[in-house]
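> The following block contains the structure, expressed as structure tokens.
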Amino acid sequence: MADANAPSIPGLPSGVEEGSVFRSLFAAYPDSLLVVDQSGRIVLANPSAAAMLGYAADELVGLSVEALVPDSIRPRHAAFREAYGRAPRPRPMGTDMELVAKRKDGSEVMVEIALSPLQNQGLPFVVAAIRDIGAYPRVKQALQRARYSEHLAQLGRLAVDTRDLQVVLAQVPDIVATALQVEVAMVWLLDGSQREFRLASGVGLVADESVGLRIANRPDTQPGYVLSQGCPVVVTDYREERRFTVPPAYLEAGLVSALAVPLSDRGRVTGMLSVRATAARRFGDEEIRFLESVASLLATSLQRVQTEEALNHAQRLESVGQLTGGIAHDFNNLLTIIQGNLQVLEELPQLAADGYAQQLVAAAARASRRGAELTGKLLAFSRRQMLQPDAVDVRQMLHSLTDMLRRTLDQRIQIEIDADDPCPAVRADPGQLESALLNIAINARDAMPEGGRLHFRAEACDALPATVRQELSDADAGRRFVALSIADSGTGMTDAVMEHLFEPFFTTKEAGRGTGLGLSTVYGFVKQSRGAIAIDSKLNAGTTVTLYLPQVEAEVASAATPADEDPIEVEAEATLAPGLRVMLVEDDAEVRQVVHTFLTTLGCEVATAANAEQALPAMAAEATPFDLLLSDIALGPGMRGTRLAAEAVQRQPRLAVLLMSGFSAELLDADREAPPGWELLRKPYSRSELARAMARALLNVASY
């Protein structure tokens, strides 16, 4: 019988009990609902709660709510529930962002919880409404992007560190299938005659499919159709596909949707990367972008192998330089977008107090930084990196490097360090010096397959050995140096090998293990740094590589401030004047959006343009002049960023200029051609790095 005192529902059809309406609402409500008594026992649970928590509805009834709380926070939760029971009050969602629920299988889910006491209705219960915030579209998309960036960085490291193309091909499907959480992933390559596609690798293959399978290059096959289109192809439902023939085995295996992107080499399709799923309409824009990035990296790896096989030593060095520069440009733009969005995501109020989401964002940020290191390695192959010499504390660098090597090298290798204290600072590019030392350490590791000893030493060197002194000019030879040596107890080298050691592409390692660019890169870096290198090695008696790098001049060293104490470096964001007017010119829309967000959060007034032809009229039309021009160097067809800056400064001499690029060769050219007051910024960069570069550019103008 209905409660006579209960409020009636206006417009309720005759014969319909209010109790049945409320029961229906409780069952149909999309959020998880639990009705809990004063002892913490669940008396009612709706289907949404059962589905989210992994229980049957009748299993939840009678269960203590403490069973739904992770063990680590259960005592704190019990204390909160007891205090809440003494003074129950409504609590809306969103007031506590650190809530986690425990499912029946032990897994955890991030939730928001609203509490509604029913005591004022004469009932000794509390209604808990629970919502899975991981299902929020914005959060879900951010976490998905973080996962994709992690796997993309993993593939990037594999592509650079593994010279064996077959190893890369074998692992790409696993990485892609794991990232996209799909059942099937495959790599198809077009043969030299372009008549057939060969299945190079795959996971989750259906019946009649195996590695080595060949399919004719015809438009009625999926690989042939993708080649004919030259762009990504999405299949929403195989059962309705009419553009090409669908093998019956796909339908028998329950596959429904698919995505395929072409592998291209300088505009020519050379293969296809495809994925398939048992769910319909599984692939959207995010998946397309991820798979295109993977295809770009894979196509680059294929191109690299083919190029190295086709060219002689001199031609190889130039081709790798062009190849890696192109990769760096595209990949650095991609990393700028990833890093920028991750930084914005990290500062969102919704996630600021969410420890689990912050962990995911931090993991993705670390992966994107490793991706930036990857582009640096690629540029080092061709010696196209732009050196940024600075005072380097070699003692501190060696300790940092050896700490990392102890965690990553063979545990059978004993690592020792012996550095003067104090040791004079050297003038070199810190990143490239660390890369050179790492290159030598990896060579030493390979020379000690059964383990051994790796010894680092740094000491002041006032007198150079005669053989080393001959390599330097008279002016450079008269300077003071620091000797950085790395000695191993490995297999050593013969005199014949020593004669070719610094030649590009010369390697003693087995096929697929070495590029032959390691010591060539080290040699080039040392020479660019106005230093010298010496190697002492005997067969079966180990090798010692010594870098002689110039000391920082005493007066410069004493006046130098460590980077972490430089007021411009630390306070850049704070010192940028509010309302700073910036003209941002960037042809990549997603990069432009990221940089625009950075600038607005720095308090700038920002105008944007996609190219120089849009920027110049926009700047001229403004009554108030701009304070800073921030432009990419490569702006597609038309005027380049360097020319744009020159014309803009001619019209407004007090305009500060900051040029950016992900292409190291462009930065090198700009460094040679640009006036001293212009600043250069390498992609990818963080908001703080952007702020520091802007502060330097503005300071340059102010000092004129």
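Here's how to read the names in the structure tokens: chain A, B, ... by the order shown, residue numbers from 1 in each chain, ligand numbers from 1 in the order shown.
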If we count only C-alpha atoms, what is near Gln432 in chain A at a cut-off of 8 Å, once residues fewer than 3 positions away on the same chain are taken out, given as a list in words?

Leu387, Ala428, Asp429, Ser435, Ala436 and Phe525 of chain A

> What's the 9 Å shell around Val172 in chain A, counting only C-alpha atoms, without same-chain residues fewer than 6 positions away, as a PyMOL selection string?

chain A and resi 155+185-187+201-202+294+298

> Can I get the selection written as a short mmCIF file (atom, residue, chain, number, x, y, z; two decimals), in the first residue's frame, with N, CA and C atoms?


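And here is the file that came out, again_39.cif:
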data_model
loop_
_atom_site.label_atom_id
_atom_site.label_comp_id
_atom_site.auth_asym_id
_atom_site.auth_seq_id
_atom_site.Cartn_x
_atom_site.Cartn_y
_atom_site.Cartn_z
N LEU A 155 58.02 2.39 -29.84
CA LEU A 155 58.36 2.02 -31.21
C LEU A 155 59.51 2.87 -31.74
N ALA A 185 46.67 -7.23 -35.93
CA ALA A 185 47.51 -6.16 -36.48
C ALA A 185 48.47 -6.80 -37.47
N MET A 186 48.70 -6.14 -38.62
CA MET A 186 49.49 -6.74 -39.69
C MET A 186 50.32 -5.68 -40.41
N VAL A 187 51.47 -6.11 -40.93
CA VAL A 187 52.30 -5.27 -41.80
C VAL A 187 52.42 -5.95 -43.15
N SER A 201 54.61 -9.40 -41.20
CA SER A 201 54.46 -9.76 -39.79
C SER A 201 53.02 -9.53 -39.37
N GLY A 202 52.62 -10.15 -38.28
CA GLY A 202 51.26 -9.96 -37.81
C GLY A 202 50.98 -10.71 -36.53
N VAL A 294 52.72 5.58 -36.50
CA VAL A 294 53.43 4.31 -36.51
C VAL A 294 53.90 3.99 -37.93
N LEU A 298 57.67 3.38 -39.21
CA LEU A 298 58.02 2.12 -39.85
C LEU A 298 58.53 2.38 -41.27
#

> Just the residues within 7 Å of Ala534 in chain A, please, counting only C-alpha atoms, with nothing from its chain fewer than 3 positions along; format it as a PyMOL selection string.

chain A and resi 468+545-547

> Output N, CA and C atoms for every residue in that selection, as a PDB file, in the first residue's frame.


ATOM      1  N   VAL A 468      98.107  14.106 -30.013  1.00  0.00           N
ATOM      2  CA  VAL A 468      96.836  14.839 -29.938  1.00  0.00           C
ATOM      3  C   VAL A 468      97.052  16.297 -30.303  1.00  0.00           C
ATOM      4  N   VAL A 545      89.291   5.272 -24.453  1.00  0.00           N
ATOM      5  CA  VAL A 545      88.955   6.406 -25.314  1.00  0.00           C
ATOM      6  C   VAL A 545      89.056   7.666 -24.463  1.00  0.00           C
ATOM      7  N   THR A 546      89.823   8.647 -24.914  1.00  0.00           N
ATOM      8  CA  THR A 546      90.011   9.885 -24.151  1.00  0.00           C
ATOM      9  C   THR A 546      89.573  11.080 -24.984  1.00  0.00           C
ATOM     10  N   LEU A 547      88.688  11.874 -24.417  1.00  0.00           N
ATOM     11  CA  LEU A 547      88.245  13.120 -25.042  1.00  0.00           C
ATOM     12  C   LEU A 547      88.961  14.275 -24.368  1.00  0.00           C
TER      13      LEU A 547
END

> Which residues, written as an MDAnalysis selection string, have at least one atom at most 12 Å from Glu590 in chain A, with only C-alpha atoms counted and residues fewer than 3 positions away on the same chain left out?

chainID A and resid 333:341 586:587 593:597 610

> Since we have the selection now, will you write its residues out, keeping N, CA and C atoms, as a tab-separated table (two decimals), in the first residue's frame?


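To be explicit, this is the file written out as again_8.tsv:
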chain	number	residue	atom	x	y	z
A	333	ASN	N	57.48	18.05	-34.25
A	333	ASN	CA	56.16	18.68	-34.25
A	333	ASN	C	55.16	17.82	-33.49
A	334	LEU	N	55.21	16.50	-33.75
A	334	LEU	CA	54.31	15.57	-33.05
A	334	LEU	C	54.55	15.63	-31.55
A	335	LEU	N	55.83	15.64	-31.15
A	335	LEU	CA	56.16	15.68	-29.72
A	335	LEU	C	55.76	17.01	-29.09
A	336	THR	N	55.82	18.10	-29.85
A	336	THR	CA	55.37	19.39	-29.33
A	336	THR	C	53.89	19.33	-28.98
A	337	ILE	N	53.11	18.70	-29.85
A	337	ILE	CA	51.67	18.56	-29.59
A	337	ILE	C	51.44	17.66	-28.38
A	338	ILE	N	52.14	16.52	-28.34
A	338	ILE	CA	51.95	15.57	-27.23
A	338	ILE	C	52.36	16.22	-25.90
A	339	GLN	N	53.56	16.80	-25.85
A	339	GLN	CA	54.03	17.38	-24.60
A	339	GLN	C	53.17	18.55	-24.17
A	340	GLY	N	52.78	19.38	-25.11
A	340	GLY	CA	51.96	20.53	-24.76
A	340	GLY	C	50.62	20.12	-24.19
A	341	ASN	N	49.95	19.18	-24.84
A	341	ASN	CA	48.65	18.73	-24.34
A	341	ASN	C	48.78	18.02	-23.00
A	586	GLU	N	52.53	29.78	-37.19
A	586	GLU	CA	52.82	28.33	-37.23
A	586	GLU	C	51.86	27.67	-38.21
A	587	ASP	N	52.40	26.90	-39.17
A	587	ASP	CA	51.53	26.33	-40.21
A	587	ASP	C	50.83	25.07	-39.75
A	593	GLN	N	47.81	25.46	-31.85
A	593	GLN	CA	46.88	25.47	-30.72
A	593	GLN	C	47.61	25.25	-29.40
A	594	VAL	N	48.57	24.33	-29.40
A	594	VAL	CA	49.34	24.06	-28.17
A	594	VAL	C	50.11	25.31	-27.75
A	595	VAL	N	50.82	25.93	-28.70
A	595	VAL	CA	51.63	27.11	-28.37
A	595	VAL	C	50.72	28.27	-27.94
A	596	HIS	N	49.57	28.40	-28.58
A	596	HIS	CA	48.61	29.44	-28.20
A	596	HIS	C	48.18	29.25	-26.75
A	597	THR	N	47.92	28.00	-26.36
A	597	THR	CA	47.54	27.72	-24.97
A	597	THR	C	48.67	28.09	-24.02
A	610	ALA	N	48.71	31.38	-39.94
A	610	ALA	CA	49.22	30.10	-40.43
A	610	ALA	C	50.45	30.28	-41.31

> So which residues touch Asp58 in chain A within 10 Å, counting only C-alpha atoms, skipping near sequence neighbours fewer than 2 positions away, as a PyMOL selection string?

chain A and resi 43-47+50+55-56+60-63
